>>> print(open('input_30.txt').read())   # compact mmCIF, C-alpha atoms
# COMPACT_ATOMS: atom_id res chain seq x y z
CA MET A 1 51.03 3.25 -59.45
CA THR A 2 52.90 5.56 -61.78
CA GLU A 3 52.14 5.23 -65.48
CA ARG A 4 54.80 3.31 -67.38
CA ALA A 5 56.99 5.09 -69.92
CA PRO A 6 56.07 4.48 -73.58
CA ARG A 7 57.77 1.47 -75.12
CA ARG A 8 59.67 1.55 -78.35
CA SER A 9 58.31 -0.52 -81.20
CA ARG A 10 60.54 -3.57 -81.48
CA LEU A 11 59.21 -6.27 -83.77
CA ARG A 12 61.32 -9.05 -82.40
CA ARG A 13 59.82 -8.49 -78.94
CA SER A 14 56.20 -7.93 -79.92
CA ALA A 15 56.09 -11.43 -81.40
CA LEU A 16 56.67 -12.94 -77.96
CA SER A 17 53.55 -14.29 -76.32
CA ALA A 18 52.30 -13.46 -72.85
CA ALA A 19 52.76 -17.11 -71.98
CA ALA A 20 56.45 -16.84 -72.78
CA ALA A 21 56.74 -13.89 -70.45
CA VAL A 22 55.17 -15.95 -67.68
CA THR A 23 57.64 -18.76 -68.33
CA PHE A 24 60.46 -16.26 -68.17
CA ALA A 25 59.26 -14.85 -64.87
CA ALA A 26 59.13 -18.31 -63.33
CA ALA A 27 62.61 -19.13 -64.62
CA LEU A 28 64.41 -16.06 -63.33
CA LEU A 29 65.54 -17.61 -60.07
CA THR A 30 65.77 -21.24 -61.22
CA PRO A 31 69.31 -22.65 -61.52
CA ALA A 32 70.21 -24.69 -64.60
CA ALA A 33 70.24 -28.48 -64.60
CA THR A 34 73.96 -28.35 -63.77
CA ALA A 35 73.10 -27.40 -60.17
CA ALA A 36 70.32 -28.54 -57.87
CA PRO A 37 67.84 -25.76 -57.05
CA ALA A 38 68.05 -24.32 -53.55
CA ALA A 39 64.92 -24.10 -51.44
CA PRO A 40 64.52 -20.67 -49.87
CA ALA A 41 65.65 -20.55 -46.27
CA PRO A 42 62.64 -20.36 -43.96
CA PRO A 43 62.35 -16.97 -42.27
CA VAL A 44 62.68 -16.66 -38.54
CA ALA A 45 59.23 -17.03 -37.02
CA PRO A 46 57.90 -14.03 -35.11
CA ALA A 47 57.83 -14.35 -31.32
CA VAL A 48 54.10 -13.62 -31.46
CA ALA A 49 52.02 -14.69 -34.46
CA ALA A 50 50.63 -11.90 -36.59
CA PRO A 51 46.92 -11.32 -36.14
CA ASP A 52 44.36 -11.76 -38.86
CA ILE A 53 43.68 -8.37 -40.42
CA PRO A 54 39.89 -7.96 -40.67
CA VAL A 55 39.11 -7.22 -44.30
CA ALA A 56 36.00 -5.39 -43.14
CA ASN A 57 38.26 -2.86 -41.39
CA VAL A 58 40.36 -2.41 -44.52
CA LYS A 59 37.22 -1.90 -46.59
CA ALA A 60 35.93 0.64 -44.07
CA HIS A 61 39.05 2.74 -44.77
CA LEU A 62 38.38 2.41 -48.49
CA ALA A 63 34.81 3.56 -47.97
CA GLN A 64 36.13 6.66 -46.22
CA LEU A 65 38.53 7.36 -49.09
CA GLN A 66 35.67 6.96 -51.55
CA SER A 67 33.56 9.43 -49.56
CA ILE A 68 36.47 11.88 -49.52
CA ALA A 69 36.81 11.62 -53.30
CA ASN A 70 33.05 12.07 -53.77
CA ALA A 71 33.15 15.25 -51.71
CA ASN A 72 36.20 16.64 -53.52
CA GLY A 73 35.62 16.53 -57.26
CA GLY A 74 35.87 12.77 -57.67
CA ASN A 75 39.58 12.33 -56.94
CA ARG A 76 42.27 12.43 -54.27
CA ALA A 77 45.11 13.71 -56.43
CA HIS A 78 48.20 15.71 -55.49
CA GLY A 79 47.45 19.38 -55.07
CA ARG A 80 43.71 18.75 -54.71
CA SER A 81 41.59 19.02 -51.59
CA GLY A 82 40.80 15.31 -51.70
CA TYR A 83 44.41 14.38 -51.10
CA LYS A 84 44.79 16.62 -48.05
CA ALA A 85 41.54 15.20 -46.65
CA SER A 86 42.89 11.68 -47.21
CA ILE A 87 46.15 12.36 -45.37
CA ASP A 88 44.22 14.00 -42.52
CA TYR A 89 42.01 10.91 -42.22
CA VAL A 90 44.98 8.51 -42.00
CA LYS A 91 46.81 10.79 -39.54
CA SER A 92 43.82 11.01 -37.22
CA LYS A 93 43.62 7.21 -37.01
CA LEU A 94 47.31 6.88 -36.22
CA ASP A 95 47.36 9.70 -33.68
CA ALA A 96 44.50 8.04 -31.79
CA ALA A 97 46.38 4.71 -31.85
CA GLY A 98 49.48 6.09 -30.13
CA TYR A 99 51.81 6.69 -33.05
CA THR A 100 54.19 9.60 -33.32
CA THR A 101 53.16 11.14 -36.63
CA THR A 102 55.04 13.66 -38.75
CA LEU A 103 53.49 15.49 -41.68
CA LEU A 104 56.20 16.41 -44.18
CA THR A 105 55.58 18.92 -46.95
CA PHE A 106 57.14 19.34 -50.38
CA SER A 107 56.33 21.35 -53.46
CA TYR A 108 55.55 19.99 -56.91
CA ASN A 109 53.83 21.54 -59.92
CA GLY A 110 53.11 24.68 -57.94
CA SER A 111 51.20 22.79 -55.23
CA THR A 112 52.04 21.64 -51.73
CA GLY A 113 52.41 17.90 -51.32
CA TYR A 114 52.32 15.84 -48.14
CA ASN A 115 54.02 12.71 -46.86
CA LEU A 116 52.88 11.18 -43.58
CA ILE A 117 55.37 9.28 -41.40
CA ALA A 118 54.22 7.27 -38.38
CA ASP A 119 56.65 5.79 -35.83
CA TRP A 120 55.61 3.15 -33.33
CA PRO A 121 57.29 3.62 -29.92
CA GLY A 122 60.07 1.22 -29.02
CA GLY A 123 62.40 -1.06 -30.91
CA ASP A 124 66.00 -0.47 -31.92
CA THR A 125 65.97 2.80 -33.85
CA SER A 126 69.26 1.87 -35.51
CA HIS A 127 67.38 -0.97 -37.25
CA VAL A 128 64.20 0.40 -38.83
CA VAL A 129 61.63 -1.75 -40.60
CA MET A 130 59.42 0.45 -42.76
CA ALA A 131 56.29 -0.20 -44.79
CA GLY A 132 54.57 2.29 -47.05
CA ALA A 133 52.09 3.03 -49.81
CA HIS A 134 51.17 6.02 -51.92
CA LEU A 135 47.94 7.72 -50.93
CA ASP A 136 47.31 9.92 -53.96
CA SER A 137 45.08 9.08 -56.91
CA VAL A 138 45.22 10.25 -60.49
CA THR A 139 43.03 13.28 -61.28
CA GLY A 140 40.67 11.11 -63.35
CA GLY A 141 39.27 8.96 -60.54
CA PRO A 142 39.06 8.23 -56.81
CA GLY A 143 41.94 5.72 -56.86
CA ILE A 144 40.45 3.11 -54.56
CA ASN A 145 42.51 0.19 -55.83
CA ASP A 146 45.37 2.45 -57.00
CA ASN A 147 46.24 3.02 -54.29
CA GLY A 148 43.63 3.23 -51.62
CA SER A 149 44.02 -0.54 -51.29
CA GLY A 150 47.71 -0.48 -50.36
CA SER A 151 47.23 2.58 -48.15
CA ALA A 152 44.33 0.96 -46.29
CA GLY A 153 46.16 -2.36 -45.89
CA VAL A 154 49.20 -0.64 -44.40
CA LEU A 155 47.00 1.56 -42.18
CA GLU A 156 45.05 -1.37 -40.76
CA THR A 157 48.29 -3.28 -40.13
CA ALA A 158 49.65 -0.28 -38.24
CA LEU A 159 46.46 -0.12 -36.19
CA ALA A 160 46.77 -3.87 -35.50
CA VAL A 161 50.26 -3.21 -34.10
CA SER A 162 48.66 -0.74 -31.68
CA ARG A 163 45.81 -3.08 -30.72
CA ALA A 164 48.30 -5.85 -29.99
CA GLY A 165 50.58 -3.57 -27.98
CA LEU A 166 53.45 -5.01 -30.03
CA LYS A 167 56.90 -4.61 -28.48
CA PRO A 168 59.15 -5.05 -31.52
CA THR A 169 62.84 -5.82 -31.44
CA LYS A 170 63.34 -3.48 -34.39
CA HIS A 171 61.78 -0.06 -34.79
CA LEU A 172 58.61 0.10 -36.87
CA ARG A 173 57.85 3.00 -39.18
CA PHE A 174 55.03 3.46 -41.68
CA GLY A 175 54.75 5.96 -44.55
CA TRP A 176 52.06 7.31 -46.87
CA TRP A 177 53.41 9.10 -49.94
CA GLY A 178 52.10 11.99 -51.98
CA ALA A 179 52.46 12.68 -55.71
CA GLU A 180 53.47 9.13 -56.59
CA GLU A 181 51.41 9.42 -59.75
CA TYR A 182 53.80 12.15 -60.95
CA GLY A 183 56.84 9.90 -60.65
CA MET A 184 57.31 8.92 -56.98
CA VAL A 185 57.80 12.59 -56.07
CA GLY A 186 56.87 12.28 -52.41
CA SER A 187 58.94 9.19 -51.61
CA LYS A 188 61.92 10.61 -53.51
CA ASN A 189 61.62 13.78 -51.46
CA TYR A 190 61.58 11.76 -48.24
CA VAL A 191 64.56 9.56 -49.10
CA ASN A 192 66.61 12.43 -50.50
CA GLY A 193 65.86 14.49 -47.41
CA LEU A 194 67.34 11.91 -45.05
CA GLY A 195 70.93 12.33 -43.99
CA ALA A 196 73.31 9.47 -44.64
CA THR A 197 73.13 8.34 -41.02
CA GLU A 198 69.32 8.25 -40.89
CA ARG A 199 69.14 6.56 -44.27
CA SER A 200 71.51 3.83 -43.11
CA LYS A 201 69.20 3.03 -40.20
CA ILE A 202 66.39 1.92 -42.53
CA GLU A 203 67.13 -1.77 -42.85
CA THR A 204 64.07 -2.74 -44.91
CA TYR A 205 61.38 -0.95 -46.87
CA LEU A 206 58.22 -2.81 -47.96
CA ASN A 207 55.94 -1.27 -50.60
CA PHE A 208 52.28 -2.04 -51.25
CA ASP A 209 50.83 -0.49 -54.39
CA MET A 210 47.52 -2.04 -55.56
CA ILE A 211 46.61 -5.11 -53.49
CA GLY A 212 42.91 -5.52 -54.30
CA SER A 213 42.73 -5.70 -58.09
CA PRO A 214 39.35 -7.04 -59.28
CA ASN A 215 40.90 -9.72 -61.53
CA PRO A 216 43.83 -10.28 -59.20
CA GLY A 217 47.27 -11.76 -59.50
CA TYR A 218 49.70 -12.49 -56.69
CA PHE A 219 53.02 -10.86 -57.47
CA THR A 220 56.06 -10.33 -55.24
CA TYR A 221 59.03 -8.01 -55.58
CA ARG A 222 62.11 -10.19 -56.03
CA TYR A 223 64.92 -7.71 -55.49
CA ASP A 224 65.87 -9.35 -52.18
CA SER A 225 65.77 -13.13 -51.92
CA ALA A 226 65.00 -13.24 -48.19
CA LEU A 227 62.12 -10.79 -48.39
CA ASP A 228 60.78 -12.55 -51.47
CA ALA A 229 60.92 -15.88 -49.63
CA LEU A 230 59.06 -14.32 -46.71
CA PHE A 231 56.08 -13.52 -48.93
CA ARG A 232 56.33 -16.56 -51.21
CA ASN A 233 56.36 -18.94 -48.24
CA TYR A 234 53.40 -17.16 -46.68
CA PHE A 235 51.30 -17.53 -49.82
CA ALA A 236 52.51 -21.10 -50.32
CA GLY A 237 50.92 -21.83 -46.96
CA LEU A 238 47.62 -20.69 -48.49
CA GLY A 239 48.15 -22.89 -51.52
CA ILE A 240 48.97 -19.91 -53.75
CA THR A 241 51.99 -19.78 -56.04
CA THR A 242 53.23 -16.25 -56.59
CA GLU A 243 55.01 -14.78 -59.59
CA GLN A 244 57.65 -12.10 -59.90
CA ASP A 245 56.35 -8.59 -60.50
CA PHE A 246 57.52 -7.07 -63.77
CA GLU A 247 54.62 -4.71 -64.45
CA GLY A 248 55.26 -2.43 -61.47
CA ASP A 249 59.04 -2.67 -61.56
CA GLY A 250 60.59 0.74 -60.92
CA ARG A 251 57.19 2.46 -61.14
CA SER A 252 56.32 2.80 -57.46
CA ASP A 253 57.71 4.11 -54.19
CA HIS A 254 60.14 1.28 -53.53
CA ALA A 255 62.38 2.65 -56.30
CA PRO A 256 63.81 5.66 -54.38
CA PHE A 257 64.63 3.41 -51.42
CA GLN A 258 66.24 0.80 -53.65
CA ASN A 259 68.27 3.46 -55.44
CA ALA A 260 69.54 4.62 -52.04
CA GLY A 261 70.85 1.13 -51.27
CA ILE A 262 68.00 0.06 -48.96
CA ARG A 263 66.71 -3.47 -49.45
CA VAL A 264 63.11 -3.54 -50.62
CA GLY A 265 60.23 -5.97 -50.96
CA GLY A 266 56.53 -5.78 -51.58
CA LEU A 267 53.32 -7.13 -53.09
CA PHE A 268 51.22 -6.26 -56.11
CA SER A 269 47.93 -7.62 -57.51
CA GLY A 270 48.27 -6.27 -61.07
CA ALA A 271 47.27 -3.21 -63.12
CA ASP A 272 46.55 -3.03 -66.85
CA TYR A 273 48.58 -6.03 -67.99
CA THR A 274 46.44 -8.91 -69.28
CA LYS A 275 45.94 -12.07 -67.21
CA THR A 276 47.09 -15.13 -69.12
CA THR A 277 45.30 -18.46 -69.34
CA ALA A 278 47.94 -20.02 -67.10
CA GLN A 279 47.49 -17.30 -64.51
CA ALA A 280 43.71 -17.65 -64.55
CA ALA A 281 44.08 -21.40 -64.03
CA LYS A 282 46.34 -20.77 -61.07
CA TRP A 283 44.61 -17.80 -59.42
CA GLY A 284 41.08 -17.77 -60.80
CA GLY A 285 39.58 -14.78 -62.54
CA THR A 286 39.27 -14.11 -66.25
CA ALA A 287 41.99 -14.80 -68.80
CA GLY A 288 42.43 -12.25 -71.57
CA GLN A 289 41.29 -9.38 -69.35
CA PRO A 290 43.39 -6.83 -67.41
CA PHE A 291 44.10 -7.42 -63.75
CA ASP A 292 42.44 -4.04 -63.19
CA ARG A 293 40.27 -2.82 -66.06
CA CYS A 294 39.67 0.46 -64.17
CA TYR A 295 43.36 1.27 -63.71
CA HIS A 296 43.77 5.08 -63.73
CA SER A 297 40.10 5.51 -64.61
CA SER A 298 36.97 7.00 -63.08
CA CYS A 299 35.63 3.49 -62.38
CA ASP A 300 38.40 2.81 -59.85
CA THR A 301 35.85 3.06 -57.06
CA SER A 302 35.06 1.01 -53.97
CA ALA A 303 33.29 -1.41 -56.33
CA ASN A 304 36.61 -2.07 -58.07
CA ILE A 305 38.03 -4.33 -55.34
CA ASN A 306 38.40 -8.10 -55.01
CA ASP A 307 37.73 -8.77 -51.32
CA THR A 308 39.59 -12.09 -51.26
CA ALA A 309 42.79 -10.63 -52.69
CA LEU A 310 42.54 -7.61 -50.39
CA ASP A 311 42.12 -9.90 -47.38
CA ARG A 312 45.03 -12.17 -48.29
CA MET A 313 47.36 -9.33 -49.14
CA SER A 314 46.54 -7.42 -45.94
CA ASP A 315 47.23 -10.52 -43.86
CA ALA A 316 50.54 -10.96 -45.71
CA ILE A 317 51.52 -7.38 -44.81
CA ALA A 318 50.90 -8.13 -41.13
CA HIS A 319 52.83 -11.40 -41.36
CA ALA A 320 55.84 -9.58 -42.81
CA ILE A 321 55.73 -6.79 -40.22
CA TRP A 322 55.47 -9.18 -37.28
CA THR A 323 58.28 -11.36 -38.65
CA LEU A 324 60.64 -8.50 -39.46
CA ALA A 325 59.89 -6.66 -36.21
CA ALA A 326 61.04 -9.75 -34.35
CA GLY A 327 64.31 -9.80 -36.24
CA GLY A 328 63.53 -12.35 -38.96
CA THR A 329 64.91 -12.48 -42.54
CA THR A 330 68.03 -10.48 -41.80
CA PRO A 331 70.38 -9.72 -44.71
CA PRO A 332 73.27 -12.12 -45.35
CA THR A 333 76.08 -11.55 -42.85
CA GLY A 334 78.73 -13.90 -44.20
CA THR A 335 82.03 -13.10 -45.87
CA VAL A 336 81.62 -10.95 -49.00
CA PHE A 337 83.81 -11.17 -52.11
CA GLU A 338 83.11 -8.38 -54.60
CA ASN A 339 84.24 -6.97 -57.95
CA THR A 340 83.38 -3.29 -58.50
CA ALA A 341 85.24 -2.83 -61.80
CA ASP A 342 82.97 -1.85 -64.71
CA VAL A 343 82.71 -4.29 -67.61
CA GLN A 344 81.06 -3.09 -70.83
CA ILE A 345 78.48 -5.44 -72.36
CA PRO A 346 78.56 -5.47 -76.20
CA ASP A 347 75.20 -4.79 -77.79
CA ASN A 348 73.79 -8.02 -79.27
CA GLY A 349 77.27 -9.50 -79.01
CA ALA A 350 79.47 -12.06 -77.33
CA ALA A 351 79.25 -12.83 -73.64
CA VAL A 352 81.55 -11.04 -71.21
CA THR A 353 82.67 -12.10 -67.76
CA SER A 354 83.67 -10.44 -64.51
CA ASP A 355 85.80 -12.37 -62.02
CA VAL A 356 85.66 -12.68 -58.25
CA ALA A 357 88.54 -14.50 -56.55
CA VAL A 358 87.47 -16.42 -53.44
CA THR A 359 90.23 -17.36 -51.00
CA GLY A 360 90.53 -18.52 -47.42
CA ARG A 361 87.44 -20.74 -47.47
CA THR A 362 87.43 -24.41 -46.54
CA GLY A 363 85.41 -27.09 -48.29
CA ASN A 364 82.56 -26.39 -50.64
CA ALA A 365 80.45 -23.30 -51.20
CA PRO A 366 77.17 -22.94 -49.24
CA ALA A 367 73.81 -24.33 -50.24
CA ALA A 368 72.41 -20.79 -50.22
CA LEU A 369 75.16 -18.81 -51.92
CA GLN A 370 74.02 -15.20 -52.40
CA VAL A 371 74.88 -13.66 -55.78
CA GLY A 372 74.35 -9.91 -55.70
CA VAL A 373 74.21 -8.32 -59.16
CA ASP A 374 74.22 -4.64 -60.20
CA ILE A 375 74.03 -4.28 -63.98
CA ARG A 376 73.16 -0.95 -65.60
CA HIS A 377 71.42 -1.52 -68.91
CA THR A 378 68.67 0.30 -70.81
CA TYR A 379 66.65 -2.87 -71.60
CA ARG A 380 67.27 -5.76 -69.25
CA GLY A 381 65.13 -8.15 -71.27
CA ASP A 382 68.14 -8.46 -73.57
CA LEU A 383 70.36 -9.91 -70.86
CA ALA A 384 71.19 -13.53 -70.02
CA LEU A 385 73.15 -14.16 -66.81
CA ASP A 386 75.10 -17.17 -65.54
CA LEU A 387 77.33 -17.78 -62.55
CA VAL A 388 80.32 -19.97 -63.40
CA ALA A 389 82.00 -21.77 -60.50
CA PRO A 390 85.77 -22.37 -60.30
CA ASN A 391 85.30 -25.97 -61.48
CA GLY A 392 83.23 -24.88 -64.49
CA THR A 393 79.77 -25.66 -63.07
CA VAL A 394 77.23 -23.22 -64.50
CA PHE A 395 74.37 -21.80 -62.43
CA HIS A 396 71.80 -20.17 -64.68
CA LEU A 397 70.49 -16.92 -63.17
CA LYS A 398 68.47 -15.16 -65.85
CA ASP A 399 67.24 -15.69 -69.41
CA GLY A 400 67.49 -13.10 -72.16
CA GLY A 401 65.41 -12.22 -75.18
CA VAL A 402 62.04 -11.79 -73.46
CA SER A 403 60.03 -8.56 -73.45
CA ASP A 404 60.96 -6.97 -70.13
CA SER A 405 61.44 -3.31 -70.94
CA ALA A 406 62.59 -2.07 -67.53
CA ALA A 407 66.15 -0.87 -67.07
CA ASN A 408 68.90 -2.48 -65.00
CA VAL A 409 69.33 -5.79 -63.18
CA GLN A 410 69.79 -5.00 -59.49
CA THR A 411 68.93 -8.05 -57.43
CA THR A 412 70.26 -10.96 -55.40
CA TYR A 413 70.01 -14.54 -56.62
CA THR A 414 70.35 -17.61 -54.39
CA VAL A 415 72.00 -20.76 -55.76
CA ASN A 416 72.82 -24.14 -54.26
CA ALA A 417 76.57 -24.31 -54.74
CA SER A 418 77.21 -26.96 -52.10
CA ALA A 419 78.59 -29.42 -54.67
CA VAL A 420 81.48 -27.20 -55.84
CA PRO A 421 84.63 -25.98 -54.08
CA ALA A 422 84.46 -22.50 -52.57
CA ASN A 423 87.99 -21.33 -53.31
CA GLY A 424 88.96 -20.21 -56.78
CA THR A 425 87.83 -17.78 -59.46
CA TRP A 426 84.09 -17.36 -59.87
CA LYS A 427 82.74 -15.64 -62.97
CA LEU A 428 79.59 -13.66 -63.68
CA LYS A 429 78.83 -14.28 -67.35
CA VAL A 430 76.57 -11.77 -69.11
CA GLN A 431 75.39 -11.71 -72.72
CA ASP A 432 73.27 -9.10 -74.51
CA LYS A 433 71.01 -11.02 -76.91
CA GLY A 434 69.13 -8.14 -78.52
CA PRO A 435 69.90 -5.01 -80.57
CA GLN A 436 69.64 -1.29 -79.77
CA ASP A 437 70.30 -1.20 -76.00
CA THR A 438 73.59 -1.05 -74.14
CA GLY A 439 74.97 -1.27 -70.63
CA TYR A 440 77.69 -2.55 -68.33
CA ILE A 441 78.33 -4.63 -65.23
CA ASP A 442 78.66 -2.07 -62.44
CA SER A 443 79.50 -4.52 -59.68
CA TRP A 444 78.68 -7.96 -58.34
CA LYS A 445 79.41 -9.93 -55.18
CA LEU A 446 79.26 -13.34 -53.56
CA THR A 447 78.19 -13.67 -49.92
CA PHE A 448 79.30 -16.91 -48.28
>>> encode(input="input_30.txt", output="structure tokens")
Amino acid sequence: MTERAPRRSRLRRSALSAAAAVTFAAALLTPAATAAPAAPAPPVAPAVAAPDIPVANVKAHLAQLQSIANANGGNRAHGRSGYKASIDYVKSKLDAAGYTTTLLTFSYNGSTGYNLIADWPGGDTSHVVMAGAHLDSVTGGPGINDNGSGSAGVLETALAVSRAGLKPTKHLRFGWWGAEEYGMVGSKNYVNGLGATERSKIETYLNFDMIGSPNPGYFTYRYDSALDALFRNYFAGLGITTEQDFEGDGRSDHAPFQNAGIRVGGLFSGADYTKTTAQAAKWGGTAGQPFDRCYHSSCDTSANINDTALDRMSDAIAHAIWTLAAGGTTPPTGTVFENTADVQIPDNGAAVTSDVAVTGRTGNAPAALQVGVDIRHTYRGDLALDLVAPNGTVFHLKDGGVSDSAANVQTTYTVNASAVPANGTWKLKVQDKGPQDTGYIDSWKLTF
């Protein structure tokens, strides 16, 4: 995973505890007491259940990546021989399994980089489900958790597709990215190199960057409510409660896809953030220690893996691929009402609103009203968001004032609005509760 940008020193934020951040993460998608919370809609079950992904197979791939690093100066970094050997290893496995593989080259820092794309025969090529992971390490270590783990989990899932002879409804594509550690260079090159038509065919991209952290957490990307529910429900079936990923937000290969308007999801087991007491009680492991103490270090070896987390995460990848390949968790297809006019948000000031007029509906709003939000802001932790219904009912979407230093709020919330009339003027209410950072509402929409 790409190193985060340095944070500015802001005293009002540094005083916030890690426990408060956890509370904030849990509250992001929880409506206020004025509206009953909506349970996520269950995803469509796959026609054929996903197989168990043998963790021994995933670990065998990691052992190969470790051997490659050992033979090539201790790393598998962009521009180094270890990376090319890694991509050749993955390609050989996929070629033997019946995939159509394409090795794409790009140039960065005076060196040739490589992306590997693997397409499984069949499925509707106008509806592509894609999963990927970056294959490169930093120069300072072999990168077995970051991100041999995600690469191996995706590879073994792809091989399981071949073993099962899966005949998907949608077209399956897998990708392994180069030079992620330099700022998602490989995945950006891939997305930017697609024409508008080909880009529009990619319906979903799933990203897996670090899924075997030794002191693991269970984090999901919550940019898309249906994809998030797909993973959350899977882990709930194992008795595991997930949390929203903030640490990896915008720092891995999902970002170029998301910026191109492609819906994204994914899983993450944690990097150098510290596990809280509450998280240790929920997931096990050691509170007060990083999720991965060897993040971006020479000790990120094959010994730096939690087998249980790797096993669960790999099985979750397969579950998502089998479900999506069968046509499950499709995007909302109802009537859309949208406001694309920019509204400036005063820095540390009064709340502003943006209106959407809903007409032509009968009865009340749905129990799973989709609220799509695109807010451009340099420090989204400042922002508090509410949806205000025509009758004045307030649905709380997001808290403000918690240390979340990433930029922008670009996500879809789901609220249970079945108790309020559909027709009328709905308002997105946004308030900046902290100094120094500015932004604006770019657009927002309601999908009925």
>>> residues_around(input="input_30.txt", residues="region 61-70 of chain A", least_positions_apart="4", cutoff="6 Å", atoms="all atoms listed in the file", output="PyMOL selection string")
chain A and resi 74-76+82+142+152
>>> closest_residue(input="input_30.txt", among="A:Gly237, A:Gly265, A:Gly178, A:Gly113", to="Thr220 (chain A)", atoms="all atoms listed in the file")
A:Gly265
>>> closest_residue(input="input_30.txt", among="A:Ala158, A:Met313, A:Val58, A:Ala179", to="Phe235 (chain A)", atoms="all atoms listed in the file")
A:Met313
>>> atom_distance(input="input_30.txt", atom1="CA of Tyr221 (chain A)", atom2="CA of Leu206 (chain A)")
9.3 Å
>>> closest_residue(input="input_30.txt", among="A:Asp442, A:Asp245, A:Asp136, A:Asp119", to="Ser162 (chain A)", atoms="only C-alpha atoms")
A:Asp119
>>> decode(input="input_30.txt", residues="region 370-383 of chain A", atoms="N, CA, C and O atoms", output="PDB file, in the first residue's frame")
ATOM      1  N   GLN A 370     -31.155   5.418  -1.634  1.00  0.00           N
ATOM      2  CA  GLN A 370     -29.728   5.601  -1.886  1.00  0.00           C
ATOM      3  C   GLN A 370     -29.409   7.094  -1.995  1.00  0.00           C
ATOM      4  O   GLN A 370     -30.025   7.817  -2.791  1.00  0.00           O
ATOM      5  N   VAL A 371     -28.453   7.542  -1.204  1.00  0.00           N
ATOM      6  CA  VAL A 371     -28.044   8.951  -1.176  1.00  0.00           C
ATOM      7  C   VAL A 371     -26.590   9.022  -1.656  1.00  0.00           C
ATOM      8  O   VAL A 371     -25.665   8.714  -0.909  1.00  0.00           O
ATOM      9  N   GLY A 372     -26.417   9.372  -2.898  1.00  0.00           N
ATOM     10  CA  GLY A 372     -25.085   9.458  -3.480  1.00  0.00           C
ATOM     11  C   GLY A 372     -24.505  10.846  -3.300  1.00  0.00           C
ATOM     12  O   GLY A 372     -25.119  11.841  -3.680  1.00  0.00           O
ATOM     13  N   VAL A 373     -23.313  10.939  -2.717  1.00  0.00           N
ATOM     14  CA  VAL A 373     -22.725  12.224  -2.343  1.00  0.00           C
ATOM     15  C   VAL A 373     -21.350  12.367  -2.987  1.00  0.00           C
ATOM     16  O   VAL A 373     -20.525  11.445  -2.930  1.00  0.00           O
ATOM     17  N   ASP A 374     -21.102  13.532  -3.597  1.00  0.00           N
ATOM     18  CA  ASP A 374     -19.776  13.865  -4.132  1.00  0.00           C
ATOM     19  C   ASP A 374     -19.407  15.252  -3.629  1.00  0.00           C
ATOM     20  O   ASP A 374     -19.859  16.268  -4.162  1.00  0.00           O
ATOM     21  N   ILE A 375     -18.598  15.270  -2.555  1.00  0.00           N
ATOM     22  CA  ILE A 375     -18.152  16.526  -1.956  1.00  0.00           C
ATOM     23  C   ILE A 375     -16.643  16.608  -2.084  1.00  0.00           C
ATOM     24  O   ILE A 375     -15.931  15.689  -1.684  1.00  0.00           O
ATOM     25  N   ARG A 376     -16.151  17.703  -2.649  1.00  0.00           N
ATOM     26  CA  ARG A 376     -14.715  17.918  -2.791  1.00  0.00           C
ATOM     27  C   ARG A 376     -14.252  18.811  -1.642  1.00  0.00           C
ATOM     28  O   ARG A 376     -14.716  19.939  -1.502  1.00  0.00           O
ATOM     29  N   HIS A 377     -13.364  18.278  -0.827  1.00  0.00           N
ATOM     30  CA  HIS A 377     -12.926  18.993   0.373  1.00  0.00           C
ATOM     31  C   HIS A 377     -11.544  18.489   0.757  1.00  0.00           C
ATOM     32  O   HIS A 377     -11.252  17.299   0.628  1.00  0.00           O
ATOM     33  N   THR A 378     -10.688  19.361   1.238  1.00  0.00           N
ATOM     34  CA  THR A 378      -9.301  18.979   1.511  1.00  0.00           C
ATOM     35  C   THR A 378      -9.107  18.250   2.840  1.00  0.00           C
ATOM     36  O   THR A 378      -8.016  17.747   3.094  1.00  0.00           O
ATOM     37  N   TYR A 379     -10.145  18.168   3.679  1.00  0.00           N
ATOM     38  CA  TYR A 379     -10.025  17.442   4.950  1.00  0.00           C
ATOM     39  C   TYR A 379     -11.428  17.029   5.369  1.00  0.00           C
ATOM     40  O   TYR A 379     -12.146  17.760   6.043  1.00  0.00           O
ATOM     41  N   ARG A 380     -11.838  15.846   4.957  1.00  0.00           N
ATOM     42  CA  ARG A 380     -13.238  15.469   5.146  1.00  0.00           C
ATOM     43  C   ARG A 380     -13.610  15.224   6.600  1.00  0.00           C
ATOM     44  O   ARG A 380     -14.793  15.160   6.938  1.00  0.00           O
ATOM     45  N   GLY A 381     -12.608  15.052   7.479  1.00  0.00           N
ATOM     46  CA  GLY A 381     -12.930  14.912   8.887  1.00  0.00           C
ATOM     47  C   GLY A 381     -13.662  16.106   9.457  1.00  0.00           C
ATOM     48  O   GLY A 381     -14.301  16.018  10.505  1.00  0.00           O
ATOM     49  N   ASP A 382     -13.558  17.254   8.778  1.00  0.00           N
ATOM     50  CA  ASP A 382     -14.263  18.452   9.236  1.00  0.00           C
ATOM     51  C   ASP A 382     -15.770  18.383   9.015  1.00  0.00           C
ATOM     52  O   ASP A 382     -16.521  19.146   9.631  1.00  0.00           O
ATOM     53  N   LEU A 383     -16.217  17.518   8.121  1.00  0.00           N
ATOM     54  CA  LEU A 383     -17.572  17.630   7.584  1.00  0.00           C
ATOM     55  C   LEU A 383     -18.595  16.783   8.327  1.00  0.00           C
ATOM     56  O   LEU A 383     -18.366  15.605   8.611  1.00  0.00           O
TER      57      LEU A 383
END
